[in-house]
Amino acid sequence: MIALIDYKAGNLTSVRKAFATLGAELYDPAFPRDLERAEAIVVPGVGHFAATSALDGGWTQAIRAHVAAGRPLLGICLGLQWLFEGSEEAPECPGLGLLRGRCYRLHGNGSLKVPHVGWNSLSLARETPIVKGVASGSQVYFTHSFVAPVTDDTTAVTEHGEPFAAVVERDRVAGVQFHPEKSGDVGLQILRNFLDAV
Amino acid sequence: MLSKRIIACLDVRSGHVVKGVNFEGLRSAGDPSELARRYNREGIDELVILDITATIEARRALAQTIHAVARELFIPLAVGGGIHTEADAAAAVEAGADKVSVNTAALTNPTLITSLARRYGSQAVIVAIDAKKSGDIFAVYARSGKTSADRDAVEWAREAEARGAGEILLTSIDRDGTKSGFDCAMTAAVSSALSIPVIASGGAGTLDHFVDVFTTGRADAALAASIFHYAETSVRHLKEHLHARGIPVRL
């Protein structure tokens with residue numbers, strides 16, 4: 001069973017639908033203690049980083065315990081950003097801090113528009129389980145203004161005036177900045193890879 | 001590099017896809033799910049379902065149609081037409097829409113843009129603007145192009161962005177259904193004034209019309225209906241044409 005954490009940052013219908021199509025059973029944990037039985041956790045979310053403050057306290061502790069036990073976690077969009085130490089979007093809100101670095105606003109170098117909305121390509125920095133079967137250059141659907149920095153934990157990079165982390169991985173913790181549930185076959189392949197690891 | 005998006009619009013009435021010329025004289029173009037499947041196979045980047053008669057007949061967007069299309073597609077799906085309240089938007093989102101498009105209701109009650117953006121995030125809120133050239137400005141029309149809104153399109157688009165819109169869907173009333181090309185001057189005027197993406201709509205007739213709207217029109221995305229519905233142009237063929245001319249697309 002996979003826990004989908006709904007902290008009211010955006011609508012999760014599409015995420016649920018994509019996992020259902022892949023045959024995965026999701027459940028909605030009502031309390032942090034409900035995460036004890038999770039084989040894996042998905043932290044989705046769109047919108048302002050401050051929304052992640054709903055995860056402070058008990059949720060953060062339960063998620064840390066889950067990760068410390070070596071069980072998989074996938075962060076999607078805002079969920080990826082939350083894996084880092086924090087974001088300049090809401091400096092007062094700490095992130096989960098599993099990954100080093102802080103998120104920042106895209107600069108829109110070269111008069112590019114921010115938010116970054118639409119299909120853009122993944123440059124794979126390394127071969128890992130989460131991107132198995134995904135060709136470098138594959139396009140996925142993004143919609144965001146803030147990004148995570150490229151670090152040793154970056155599996156795939158995307159450019160929008162500057163490079164940023166599109167896929168991150170450390171041990172059994174993974175994150176994607178794009179929306180795999182809206183990224184056609186490539187997105188479904190990445191979700192399938194995550195499920196295979198569970 | 002960020003791709004220019006090609007969006008297919010399904011103008012739906014009573015569960016069927018229809019397409020008119022200048023918003024009048026509708027003729028049937030098929031089953032929405034069937035069309036959506038075909039476009040997805042051909043590589044469409046996004047779909048819009050527009051309940052075109054909703055505003056006039058005060059009908060709500062067709063949840064059943066949305067559900068049928070959303071069930072099998074894993075690309076962004078926007079729904080518009082007849083979304084007047086948060087409850088209307090919620091019905092569309094629950095049926096499977098990723099984005100809702102508001103037009104007349106946003107003009108009448110601009111705070112709706114902000115309340116929808118707070119509830120679903122700006123990325124889920126499209127403000128649709130129907131406009132046509134009027135002297136030196138582009139004049140906005142409400143109620144499916146029937147009533148003047150006494151607004152300038154550039155100024156209204158800026159306000160919509162400030163109120164929390166995530167994208168602007170800009171339709172040229174003059175060009176809609178004519179296949180004489182997008183209104184590149186209007187699109188460029190609005191797109192240059194905003195940070196959020198502008199989807200150009202109305203007038204697609206040839207492959208080069210898309211080239212024009214992505215270059216001189218400065219559009220971030222282009223939407224078309226009839227050019228795809230009657231299989232005059234496949235999405236793949238269009239994208240190959242754009243790619244050959246140096247325009248970034250998802251192939």
# chains A, B, ... in the order shown; residues from 1 in each chain; ligands from 1

$ select_by_dssp --residues "range 74-224 of chain B" --states "strand (DSSP E)" --output "ChimeraX atom specification"
/B:77-80,99-102,125-134,137-142,147-152,167-172,198-201,221-224

$ residues_around --residues "Trp59 in chain A" --least-positions-apart "5" --cutoff "12 Å" --atoms "only C-alpha atoms" --output "JSON, numbers by chain"
{"A": [5, 6, 7, 29, 30, 31, 32, 33, 34, 35, 36, 41, 43, 52, 53, 54, 64, 65, 66, 96]}

$ closest_residue --among "A:Lys132, A:His160, A:Arg16, A:His144" --to "Ser111 in chain A" --atoms "only C-alpha atoms"
A:His160

$ closest_atom_pairs --of "chain A" --to "chain B" --cutoff "10 Å" --atoms "only C-alpha atoms" --output "Markdown table"
| residue | atom | partner | partner_atom | distance |
| --- | --- | --- | --- | --- |
| A:Lys8 | CA | B:Arg119 | CA | 8.7 |
| A:Ala9 | CA | B:Tyr120 | CA | 7.5 |
| A:Gly10 | CA | B:Tyr120 | CA | 5.0 |
| A:Asn11 | CA | B:Tyr120 | CA | 6.4 |
| A:Leu12 | CA | B:Asp98 | CA | 9.4 |
| A:Thr13 | CA | B:Gly96 | CA | 6.4 |
| A:Ser14 | CA | B:Gly96 | CA | 6.8 |
| A:Val15 | CA | B:Phe74 | CA | 9.7 |
| A:Lys17 | CA | B:Arg71 | CA | 7.5 |
| A:Ala18 | CA | B:Phe74 | CA | 7.3 |
| A:Thr21 | CA | B:Glu72 | CA | 8.7 |
| A:Gly45 | CA | B:Gly121 | CA | 9.8 |
| A:Val46 | CA | B:Gly121 | CA | 6.8 |
| A:Gly47 | CA | B:Gly121 | CA | 5.3 |
| A:His48 | CA | B:Gly121 | CA | 8.2 |
| A:Gly108 | CA | B:Ser195 | CA | 9.6 |
| A:Ser111 | CA | B:Ser195 | CA | 9.3 |
| A:Leu112 | CA | B:Ser195 | CA | 8.3 |
| A:Lys113 | CA | B:Ser195 | CA | 5.1 |
| A:Val114 | CA | B:Ser195 | CA | 5.9 |
| A:Pro115 | CA | B:Ile196 | CA | 6.3 |
| A:His116 | CA | B:Leu2 | CA | 7.9 |
| A:Val117 | CA | B:Pro197 | CA | 7.2 |
| A:Gly118 | CA | B:Leu2 | CA | 6.7 |
| A:Trp119 | CA | B:Ser3 | CA | 5.5 |
| A:Asn120 | CA | B:Leu2 | CA | 4.7 |
| A:Ser121 | CA | B:Met1 | CA | 6.8 |
| A:Leu122 | CA | B:Met1 | CA | 9.7 |
| A:Gly137 | CA | B:Arg250 | CA | 9.9 |
| A:Ser138 | CA | B:Arg250 | CA | 8.5 |
| A:Gln139 | CA | B:Arg250 | CA | 6.5 |
| A:Val140 | CA | B:Arg250 | CA | 9.0 |
| A:Tyr141 | CA | B:Ile75 | CA | 8.0 |
| A:Phe142 | CA | B:Leu2 | CA | 9.4 |
| A:Thr143 | CA | B:Gln123 | CA | 6.5 |
| A:His144 | CA | B:Gln123 | CA | 7.9 |
| A:Thr158 | CA | B:Met1 | CA | 7.9 |
| A:Glu159 | CA | B:Met1 | CA | 6.0 |
| A:His160 | CA | B:Met1 | CA | 6.2 |
| A:Gly161 | CA | B:Met1 | CA | 8.2 |
| A:Glu162 | CA | B:Met1 | CA | 10.0 |
| A:His179 | CA | B:Ile75 | CA | 9.4 |
| A:Pro180 | CA | B:Phe74 | CA | 8.4 |
| A:Glu181 | CA | B:Phe74 | CA | 5.9 |
| A:Lys182 | CA | B:Ile75 | CA | 4.3 |
| A:Ser183 | CA | B:Ile75 | CA | 5.7 |
| A:Gly184 | CA | B:Phe74 | CA | 4.9 |
| A:Asp185 | CA | B:Phe74 | CA | 7.8 |
| A:Val186 | CA | B:Phe74 | CA | 9.9 |
| A:Gly187 | CA | B:Phe74 | CA | 8.3 |
| A:Leu188 | CA | B:Phe74 | CA | 8.2 |

$ residues_around --residues "Lys132 in chain B" --least-positions-apart "2" --cutoff "12 Å" --atoms "only C-alpha atoms" --output "ChimeraX atom specification"
/B:22,129-130,134-142,145-154,170-176,182-187,201-202

$ residues_around --residues "Ala148 in chain A" --least-positions-apart "4" --cutoff "8 Å" --atoms "only C-alpha atoms" --output "PyMOL selection string"
chain A and resi 81+84+101-104+164-165

$ write_last_selection --atoms "N, CA and C atoms" --output "short mmCIF file (atom, residue, chain, number, x, y, z; two decimals), in the first residue's frame"
data_model
loop_
_atom_site.label_atom_id
_atom_site.label_comp_id
_atom_site.auth_asym_id
_atom_site.auth_seq_id
_atom_site.Cartn_x
_atom_site.Cartn_y
_atom_site.Cartn_z
N GLN A 81 10.56 19.91 -4.21
CA GLN A 81 11.21 21.07 -3.59
C GLN A 81 11.27 20.90 -2.06
N PHE A 84 14.26 19.38 -0.15
CA PHE A 84 15.47 20.17 0.09
C PHE A 84 15.39 20.90 1.43
N GLY A 101 20.72 21.86 -0.23
CA GLY A 101 20.46 22.96 -1.15
C GLY A 101 19.12 23.62 -0.87
N ARG A 102 18.95 24.80 -1.43
CA ARG A 102 17.70 25.55 -1.25
C ARG A 102 17.11 25.87 -2.62
N CYS A 103 15.78 25.90 -2.69
CA CYS A 103 15.10 26.18 -3.95
C CYS A 103 15.02 27.70 -4.16
N TYR A 104 14.99 28.10 -5.41
CA TYR A 104 15.01 29.53 -5.75
C TYR A 104 14.15 29.76 -6.99
N PHE A 164 18.31 23.33 -14.08
CA PHE A 164 17.77 23.05 -12.74
C PHE A 164 17.51 21.54 -12.62
N ALA A 165 17.26 21.10 -11.39
CA ALA A 165 17.07 19.67 -11.14
C ALA A 165 15.66 19.26 -11.55
#

$ closest_residue --among "B:Ile44, B:Ala162, B:Val102, B:Val198" --to "Ala89 in chain B" --atoms "only C-alpha atoms"
B:Val102

$ select_by_dssp --residues "range 28-145 of chain A" --states "helix (DSSP H, G or I)" --output "ChimeraX atom specification"
/A:32-37,49-55,58-68,78-82,129-131

$ residues_around --residues "range 8-14 of chain B" --least-positions-apart "6" --cutoff "8 Å" --atoms "only C-alpha atoms" --output "list in words"
Pro32, Tyr39, Ile44, Glu46, Leu47, Val48, Ile49, Leu50, Asp51, Ile52, Thr53, Leu62, Leu223, Ala224, Ala225 and Phe228 of chain B

$ residues_around --residues "Val134 in chain A" --least-positions-apart "5" --cutoff "9 Å" --atoms "only C-alpha atoms" --output "list in words"
Leu124, Val186, Gln189 and Ile190 of chain A

$ closest_residue --among "A:Ala197, A:Ala50, A:Leu73, A:Ala90" --to "Ala38 in chain A" --atoms "only C-alpha atoms"
A:Leu73

$ atom_distance --atom1 "CA of Asp196 in chain A" --atom2 "CA of Pro163 in chain A"
28.7 Å

$ residues_around --residues "Val125 in chain B" --least-positions-apart "6" --cutoff "6 Å" --atoms "only C-alpha atoms" --output "ChimeraX atom specification"
/B:99-100,165-166
